[in-house]
$ cat work-v8.cif   # mmCIF, C-alpha atoms
data_data
#
loop_
_atom_site.group_PDB
_atom_site.id
_atom_site.type_symbol
_atom_site.label_atom_id
_atom_site.label_comp_id
_atom_site.auth_asym_id
_atom_site.auth_seq_id
_atom_site.Cartn_x
_atom_site.Cartn_y
_atom_site.Cartn_z
ATOM 1 C CA MET A 1 22.379 7.796 -45.565
ATOM 2 C CA PRO A 2 22.501 7.619 -41.742
ATOM 3 C CA LYS A 3 21.195 4.453 -40.124
ATOM 4 C CA LEU A 4 19.833 3.783 -36.672
ATOM 5 C CA SER A 5 19.663 0.218 -35.445
ATOM 6 C CA PRO A 6 16.585 -0.738 -33.404
ATOM 7 C CA GLN A 7 18.811 -1.631 -30.436
ATOM 8 C CA LYS A 8 20.100 1.958 -30.314
ATOM 9 C CA SER A 9 16.809 3.696 -31.173
ATOM 10 C CA LEU A 10 15.055 5.322 -28.242
ATOM 11 C CA GLY A 11 11.743 5.324 -30.131
ATOM 12 C CA TYR A 12 12.028 1.635 -30.976
ATOM 13 C CA GLN A 13 12.913 0.645 -27.408
ATOM 14 C CA VAL A 14 10.122 2.771 -25.892
ATOM 15 C CA ARG A 15 7.558 1.290 -28.301
ATOM 16 C CA ARG A 16 8.835 -2.237 -27.672
ATOM 17 C CA GLY A 17 8.557 -1.756 -23.910
ATOM 18 C CA ASN A 18 5.121 -0.164 -24.249
ATOM 19 C CA LEU A 19 3.818 -3.049 -26.346
ATOM 20 C CA ARG A 20 5.073 -5.530 -23.772
ATOM 21 C CA PHE A 21 3.521 -3.573 -20.889
ATOM 22 C CA HIS A 22 0.253 -3.471 -22.824
ATOM 23 C CA ARG A 23 0.343 -7.201 -23.660
ATOM 24 C CA LEU A 24 0.890 -8.196 -20.028
ATOM 25 C CA LEU A 25 -1.747 -5.721 -18.822
ATOM 26 C CA ASN A 26 -4.220 -7.192 -21.323
ATOM 27 C CA ALA A 27 -3.499 -10.690 -20.074
ATOM 28 C CA ARG A 28 -3.988 -9.717 -16.426
ATOM 29 C CA LEU A 29 -7.140 -7.676 -17.068
ATOM 30 C CA ALA A 30 -8.670 -10.485 -19.124
ATOM 31 C CA HIS A 31 -8.995 -12.455 -15.868
ATOM 32 C CA HIS A 32 -11.367 -9.666 -14.754
ATOM 33 C CA ASN A 33 -13.247 -9.486 -18.087
ATOM 34 C CA LEU A 34 -11.861 -5.988 -18.700
ATOM 35 C CA LYS A 35 -10.247 -4.522 -21.787
ATOM 36 C CA ALA A 36 -6.830 -2.886 -21.464
ATOM 37 C CA GLY A 37 -8.238 0.234 -23.107
ATOM 38 C CA HIS A 38 -10.570 0.668 -20.144
ATOM 39 C CA TRP A 39 -7.579 0.753 -17.781
ATOM 40 C CA TYR A 40 -6.348 4.139 -19.070
ATOM 41 C CA TYR A 41 -9.738 5.787 -18.611
ATOM 42 C CA LEU A 42 -10.370 4.198 -15.229
ATOM 43 C CA ARG A 43 -6.967 5.339 -14.002
ATOM 44 C CA ALA A 44 -7.655 8.909 -15.123
ATOM 45 C CA LEU A 45 -11.095 8.852 -13.476
ATOM 46 C CA TRP A 46 -9.701 7.487 -10.201
ATOM 47 C CA ILE A 47 -7.547 10.629 -10.113
ATOM 48 C CA ALA A 48 -10.296 13.054 -11.203
ATOM 49 C CA ASP A 49 -13.849 11.712 -11.424
ATOM 50 C CA GLY A 50 -16.682 13.549 -13.145
ATOM 51 C CA VAL A 51 -14.600 15.234 -15.847
ATOM 52 C CA THR A 52 -15.937 16.174 -19.259
ATOM 53 C CA GLN A 53 -15.359 13.880 -22.208
ATOM 54 C CA LYS A 54 -13.039 16.521 -23.685
ATOM 55 C CA GLU A 55 -10.993 16.714 -20.474
ATOM 56 C CA LEU A 56 -10.779 12.926 -20.342
ATOM 57 C CA SER A 57 -9.646 12.874 -23.956
ATOM 58 C CA GLY A 58 -6.848 15.322 -23.112
ATOM 59 C CA VAL A 59 -5.695 13.418 -20.037
ATOM 60 C CA THR A 60 -5.598 10.067 -21.838
ATOM 61 C CA ASN A 61 -4.085 11.499 -25.052
ATOM 62 C CA VAL A 62 -6.798 9.874 -27.151
ATOM 63 C CA THR A 63 -8.917 11.577 -29.811
ATOM 64 C CA GLU A 64 -12.438 12.439 -28.751
ATOM 65 C CA THR A 65 -13.892 10.155 -31.444
ATOM 66 C CA THR A 66 -11.948 7.135 -30.171
ATOM 67 C CA MET A 67 -12.735 8.068 -26.587
ATOM 68 C CA VAL A 68 -16.491 8.224 -27.204
ATOM 69 C CA ALA A 69 -16.491 4.646 -28.518
ATOM 70 C CA MET A 70 -14.475 3.461 -25.516
ATOM 71 C CA ILE A 71 -16.753 5.297 -23.053
ATOM 72 C CA ASN A 72 -19.797 3.714 -24.722
ATOM 73 C CA GLY A 73 -18.278 0.300 -23.996
ATOM 74 C CA MET A 74 -17.492 1.276 -20.410
ATOM 75 C CA VAL A 75 -21.087 2.450 -19.897
ATOM 76 C CA ALA A 76 -22.325 -0.893 -21.272
ATOM 77 C CA ASP A 77 -19.946 -2.729 -18.897
ATOM 78 C CA GLY A 78 -21.245 -0.757 -15.895
ATOM 79 C CA LEU A 79 -17.933 1.005 -15.203
ATOM 80 C CA VAL A 80 -19.031 4.614 -15.799
ATOM 81 C CA THR A 81 -22.046 6.801 -16.400
ATOM 82 C CA ARG A 82 -22.321 9.720 -18.783
ATOM 83 C CA THR A 83 -24.463 12.743 -17.923
ATOM 84 C CA ARG A 84 -25.003 16.229 -19.306
ATOM 85 C CA ASP A 85 -23.158 19.011 -17.539
ATOM 86 C CA ALA A 86 -25.543 20.934 -15.259
ATOM 87 C CA ILE A 87 -24.305 24.327 -16.490
ATOM 88 C CA ASP A 88 -23.233 23.741 -20.086
ATOM 89 C CA LYS A 89 -25.652 21.238 -21.628
ATOM 90 C CA ARG A 90 -23.326 20.737 -24.633
ATOM 91 C CA LYS A 91 -20.772 19.009 -22.406
ATOM 92 C CA MET A 92 -20.966 15.421 -21.226
ATOM 93 C CA ARG A 93 -19.431 14.386 -17.903
ATOM 94 C CA VAL A 94 -18.069 10.913 -17.239
ATOM 95 C CA GLU A 95 -18.338 9.504 -13.727
ATOM 96 C CA LEU A 96 -17.325 6.207 -12.213
ATOM 97 C CA THR A 97 -20.034 3.858 -11.034
ATOM 98 C CA GLU A 98 -19.651 2.205 -7.657
ATOM 99 C CA TYR A 99 -18.358 -0.862 -9.502
ATOM 100 C CA GLY A 100 -15.778 1.264 -11.365
ATOM 101 C CA ARG A 101 -14.608 2.798 -8.072
ATOM 102 C CA ARG A 102 -14.353 -0.600 -6.364
ATOM 103 C CA LEU A 103 -11.952 -1.868 -9.028
ATOM 104 C CA GLU A 104 -9.281 0.690 -8.158
ATOM 105 C CA GLY A 105 -7.540 -1.267 -5.395
ATOM 106 C CA GLU A 106 -7.432 -4.527 -7.306
ATOM 107 C CA LEU A 107 -6.411 -3.031 -10.646
ATOM 108 C CA MET A 108 -3.795 -0.747 -9.123
ATOM 109 C CA GLY A 109 -2.361 -3.881 -7.512
ATOM 110 C CA ILE A 110 -2.074 -5.397 -10.991
ATOM 111 C CA ALA A 111 -0.337 -2.272 -12.335
ATOM 112 C CA ILE A 112 2.082 -2.200 -9.406
ATOM 113 C CA GLY A 113 2.837 -5.894 -9.997
ATOM 114 C CA ILE A 114 3.545 -5.302 -13.690
ATOM 115 C CA ASN A 115 5.867 -2.415 -12.800
ATOM 116 C CA ARG A 116 7.680 -4.703 -10.341
ATOM 117 C CA VAL A 117 8.161 -7.303 -13.077
ATOM 118 C CA ALA A 118 9.443 -4.623 -15.479
ATOM 119 C CA THR A 119 11.962 -3.228 -12.984
ATOM 120 C CA ASP A 120 13.173 -6.546 -11.578
ATOM 121 C CA GLY A 121 16.950 -6.411 -11.129
ATOM 122 C CA ILE A 122 17.141 -2.659 -11.793
ATOM 123 C CA ALA A 123 18.370 -0.351 -9.034
ATOM 124 C CA PRO A 124 15.666 2.030 -7.726
ATOM 125 C CA GLU A 125 17.810 5.054 -8.602
ATOM 126 C CA ASP A 126 18.122 3.783 -12.183
ATOM 127 C CA VAL A 127 14.347 3.388 -12.382
ATOM 128 C CA ALA A 128 13.945 6.974 -11.082
ATOM 129 C CA THR A 129 16.440 8.217 -13.691
ATOM 130 C CA CYS A 130 14.621 6.306 -16.436
ATOM 131 C CA ILE A 131 11.285 7.829 -15.433
ATOM 132 C CA ALA A 132 12.792 11.334 -15.348
ATOM 133 C CA VAL A 133 14.431 10.849 -18.757
ATOM 134 C CA LEU A 134 11.281 9.441 -20.366
ATOM 135 C CA SER A 135 9.245 12.303 -18.909
ATOM 136 C CA ARG A 136 11.659 14.821 -20.445
ATOM 137 C CA VAL A 137 11.624 12.953 -23.766
ATOM 138 C CA SER A 138 7.822 13.176 -23.779
ATOM 139 C CA GLU A 139 7.908 16.906 -22.979
ATOM 140 C CA ASN A 140 10.476 17.545 -25.745
ATOM 141 C CA LEU A 141 8.404 15.654 -28.303
ATOM 142 C CA GLN A 142 5.198 17.446 -27.259
ATOM 143 C CA ALA A 143 6.872 20.854 -27.565
ATOM 144 C CA GLU A 144 8.196 19.974 -31.027
ATOM 145 C CA TYR A 145 4.762 18.698 -32.081
ATOM 146 C CA GLU A 146 3.120 21.921 -30.912
ATOM 147 C CA ASN A 147 5.670 23.953 -32.894
ATOM 148 C CA ALA A 148 5.292 21.795 -36.003
ATOM 149 C CA VAL A 149 1.497 21.516 -36.140
ATOM 150 C CA PRO A 150 -0.381 24.768 -36.623
ATOM 151 C CA SER A 151 -3.249 25.326 -34.231
ATOM 152 C CA PRO A 152 -6.749 26.111 -35.554
ATOM 153 C CA ALA A 153 -6.219 29.724 -34.405
ATOM 154 C CA THR A 154 -3.009 29.934 -36.460
ATOM 155 C CA ASN A 155 -4.806 28.573 -39.521
ATOM 156 C CA LYS A 156 -7.573 31.151 -39.056
ATOM 157 C CA GLN A 157 -5.006 33.981 -38.782
ATOM 158 C CA ARG A 158 -3.271 32.799 -41.967
ATOM 159 C CA SER A 159 -6.587 32.583 -43.796
ATOM 160 C CA ASN A 160 -7.558 36.112 -42.737
ATOM 161 C CA ALA A 161 -4.122 37.465 -43.699
ATOM 162 C CA GLU A 162 -4.402 35.937 -47.178
ATOM 163 C CA ARG A 163 -7.646 37.788 -47.879
#
$ encode --input "work-v8.cif" --output "C-alpha cells"
Amino acid sequence: MPKLSPQKSLGYQVRRGNLRFHRLLNARLAHHNLKAGHWYYLRALWIADGVTQKELSGVTNVTETTMVAMINGMVADGLVTRTRDAIDKRKMRVELTEYGRRLEGELMGIAIGINRVATDGIAPEDVATCIAVLSRVSENLQAEYENAVPSPATNKQRSNAER
C-alpha cells in the first residue's frame, strides 16, 4: 500500500498553513470583537458590495445555509444589511453598512501583516511562484470535482433517460 508522509503531502501542508493563518487571524480580529468568519464575507463585499446571498455564497465557497447563519450574525453586529432585490423579490441582497465599510482599511492592514509574517524570510519570487502553484492546484481540484460530481441537470437527464 502506498504511503504519503504529512511532510510530503501537499494537502496536509496546505491545511496546516490554512489553520495557522486562520488561528492568527482569529486572534487579531478578536481585538476588534469580530469573528474570523466575518472576515471572508467582508472581504468579498469590499470587492463587490450589494451582491445576492447566492452570489456571496459562490464567492466565499460556503454553502448558502452556512452563509445565511453568518450573515444573520453580521446583521446583528451592524456590519451588513439584507434587503430584497428590487427586481426579483425572491433574492436577498447583502450590503455593507457604513461601519462595515470603515473596517476595510484597518482589517486589510491586519491581513497584510499576517501575510508579511507568513512570508518572512522567503524571496518575493518564491512567494509569487507559491501563489501561482496554489492557484493552479485549486483550479485542478475544482475541475476534477466538477467532473466527479454530477450536476442537478445531469441527474435530471439520467432520470428522464431511465423512464
$ closest_residue --input "work-v8.cif" --among "A:Tyr99, A:Leu34, A:Met92, A:Leu134" --to "A:Gln13" --atoms "all atoms listed in the file"
A:Leu134
$ residues_around --input "work-v8.cif" --residues "A:His31" --least-positions-apart "4" --cutoff "12 Å" --atoms "all atoms listed in the file" --output "PyMOL selection string"
chain A and resi 24-27+35-36+106-107+110
$ atom_distance --input "work-v8.cif" --atom1 "atom CA of A:Thr119" --atom2 "atom CA of A:Gly100"
28.1 Å
$ atom_distance --input "work-v8.cif" --atom1 "atom CA of A:Tyr40" --atom2 "atom CA of A:Arg20"
15.7 Å
$ closest_residue --input "work-v8.cif" --among "A:Val59, A:Val127, A:Leu19, A:Leu103" --to "A:Tyr41" --atoms "only C-alpha atoms"
A:Val59
$ atom_distance --input "work-v8.cif" --atom1 "atom CA of A:Asn115" --atom2 "atom CA of A:Val133"
16.9 Å
$ closest_residue --input "work-v8.cif" --among "A:His38, A:Lys8, A:Arg90, A:Lys54" --to "A:Gly73" --atoms "only C-alpha atoms"
A:His38
$ closest_residue --input "work-v8.cif" --among "A:Thr65, A:Ala48, A:Ser135, A:Leu42" --to "A:Gly105" --atoms "all atoms listed in the file"
A:Leu42
$ resolve_selection --input "work-v8.cif" --expression "the PyMOL selection byres ((chain A and resi 75) around 12)" --output "VMD selection string"
chain A and resid 38 41 to 42 68 to 74 76 to 83 94 to 97 99 to 100
$ closest_residue --input "work-v8.cif" --among "A:Glu104, A:Glu64, A:Glu125, A:Glu144" --to "A:Trp46" --atoms "only C-alpha atoms"
A:Glu104
$ residues_around --input "work-v8.cif" --residues "A:Asp85" --least-positions-apart "6" --cutoff "10 Å" --atoms "all atoms listed in the file" --output "PyMOL selection string"
chain A and resi 50-52+91-94
$ closest_residue --input "work-v8.cif" --among "A:Gly37, A:Asn140, A:Arg28, A:Leu45" --to "A:Val62" --atoms "all atoms listed in the file"
A:Gly37
$ build_atoms --input "work-v8.cif" --residues "stretch 13-39 of chain A" --atoms "N, CA and C atoms" --output "compact mmCIF listing (two decimals), in the frame of the given file"
# COMPACT_ATOMS: atom_id res chain seq x y z
N GLN A 13 12.89 1.28 -28.72
CA GLN A 13 12.91 0.64 -27.41
C GLN A 13 11.71 1.06 -26.56
N VAL A 14 11.30 2.32 -26.64
CA VAL A 14 10.12 2.77 -25.89
C VAL A 14 8.87 2.06 -26.41
N ARG A 15 8.73 1.97 -27.72
CA ARG A 15 7.56 1.29 -28.30
C ARG A 15 7.57 -0.19 -27.94
N ARG A 16 8.71 -0.82 -28.02
CA ARG A 16 8.84 -2.24 -27.67
C ARG A 16 8.42 -2.47 -26.22
N GLY A 17 8.93 -1.64 -25.32
CA GLY A 17 8.56 -1.76 -23.91
C GLY A 17 7.07 -1.51 -23.70
N ASN A 18 6.54 -0.49 -24.38
CA ASN A 18 5.12 -0.16 -24.25
C ASN A 18 4.25 -1.32 -24.72
N LEU A 19 4.60 -1.92 -25.84
CA LEU A 19 3.82 -3.05 -26.35
C LEU A 19 3.84 -4.22 -25.36
N ARG A 20 4.97 -4.43 -24.73
CA ARG A 20 5.07 -5.53 -23.77
C ARG A 20 4.31 -5.23 -22.48
N PHE A 21 4.35 -3.97 -22.03
CA PHE A 21 3.52 -3.57 -20.89
C PHE A 21 2.06 -3.82 -21.23
N HIS A 22 1.65 -3.37 -22.40
CA HIS A 22 0.25 -3.47 -22.82
C HIS A 22 -0.18 -4.94 -22.93
N ARG A 23 0.67 -5.78 -23.50
CA ARG A 23 0.34 -7.20 -23.66
C ARG A 23 0.13 -7.86 -22.30
N LEU A 24 1.02 -7.59 -21.35
CA LEU A 24 0.89 -8.20 -20.03
C LEU A 24 -0.33 -7.63 -19.30
N LEU A 25 -0.57 -6.33 -19.44
CA LEU A 25 -1.75 -5.72 -18.82
C LEU A 25 -3.02 -6.36 -19.38
N ASN A 26 -3.07 -6.53 -20.69
CA ASN A 26 -4.22 -7.19 -21.32
C ASN A 26 -4.45 -8.57 -20.74
N ALA A 27 -3.38 -9.32 -20.60
CA ALA A 27 -3.50 -10.69 -20.07
C ALA A 27 -4.03 -10.68 -18.64
N ARG A 28 -3.55 -9.76 -17.83
CA ARG A 28 -3.99 -9.72 -16.43
C ARG A 28 -5.42 -9.19 -16.30
N LEU A 29 -5.79 -8.22 -17.13
CA LEU A 29 -7.14 -7.68 -17.07
C LEU A 29 -8.17 -8.65 -17.63
N ALA A 30 -7.75 -9.51 -18.54
CA ALA A 30 -8.67 -10.48 -19.12
C ALA A 30 -9.25 -11.39 -18.04
N HIS A 31 -8.50 -11.64 -16.98
CA HIS A 31 -8.99 -12.46 -15.87
C HIS A 31 -10.15 -11.76 -15.15
N HIS A 32 -10.30 -10.45 -15.38
CA HIS A 32 -11.37 -9.67 -14.75
C HIS A 32 -12.42 -9.24 -15.79
N ASN A 33 -12.34 -9.83 -16.98
CA ASN A 33 -13.25 -9.49 -18.09
C ASN A 33 -13.22 -8.00 -18.42
N LEU A 34 -12.03 -7.40 -18.35
CA LEU A 34 -11.86 -5.99 -18.70
C LEU A 34 -10.92 -5.86 -19.89
N LYS A 35 -11.13 -4.82 -20.67
CA LYS A 35 -10.25 -4.52 -21.79
C LYS A 35 -9.14 -3.58 -21.31
N ALA A 36 -7.95 -3.74 -21.86
CA ALA A 36 -6.83 -2.89 -21.46
C ALA A 36 -7.15 -1.42 -21.74
N GLY A 37 -7.88 -1.15 -22.80
CA GLY A 37 -8.24 0.23 -23.11
C GLY A 37 -9.00 0.90 -21.98
N HIS A 38 -9.80 0.12 -21.27
CA HIS A 38 -10.57 0.67 -20.14
C HIS A 38 -9.64 1.12 -19.01
N TRP A 39 -8.52 0.44 -18.85
CA TRP A 39 -7.58 0.75 -17.78
C TRP A 39 -7.19 2.24 -17.80
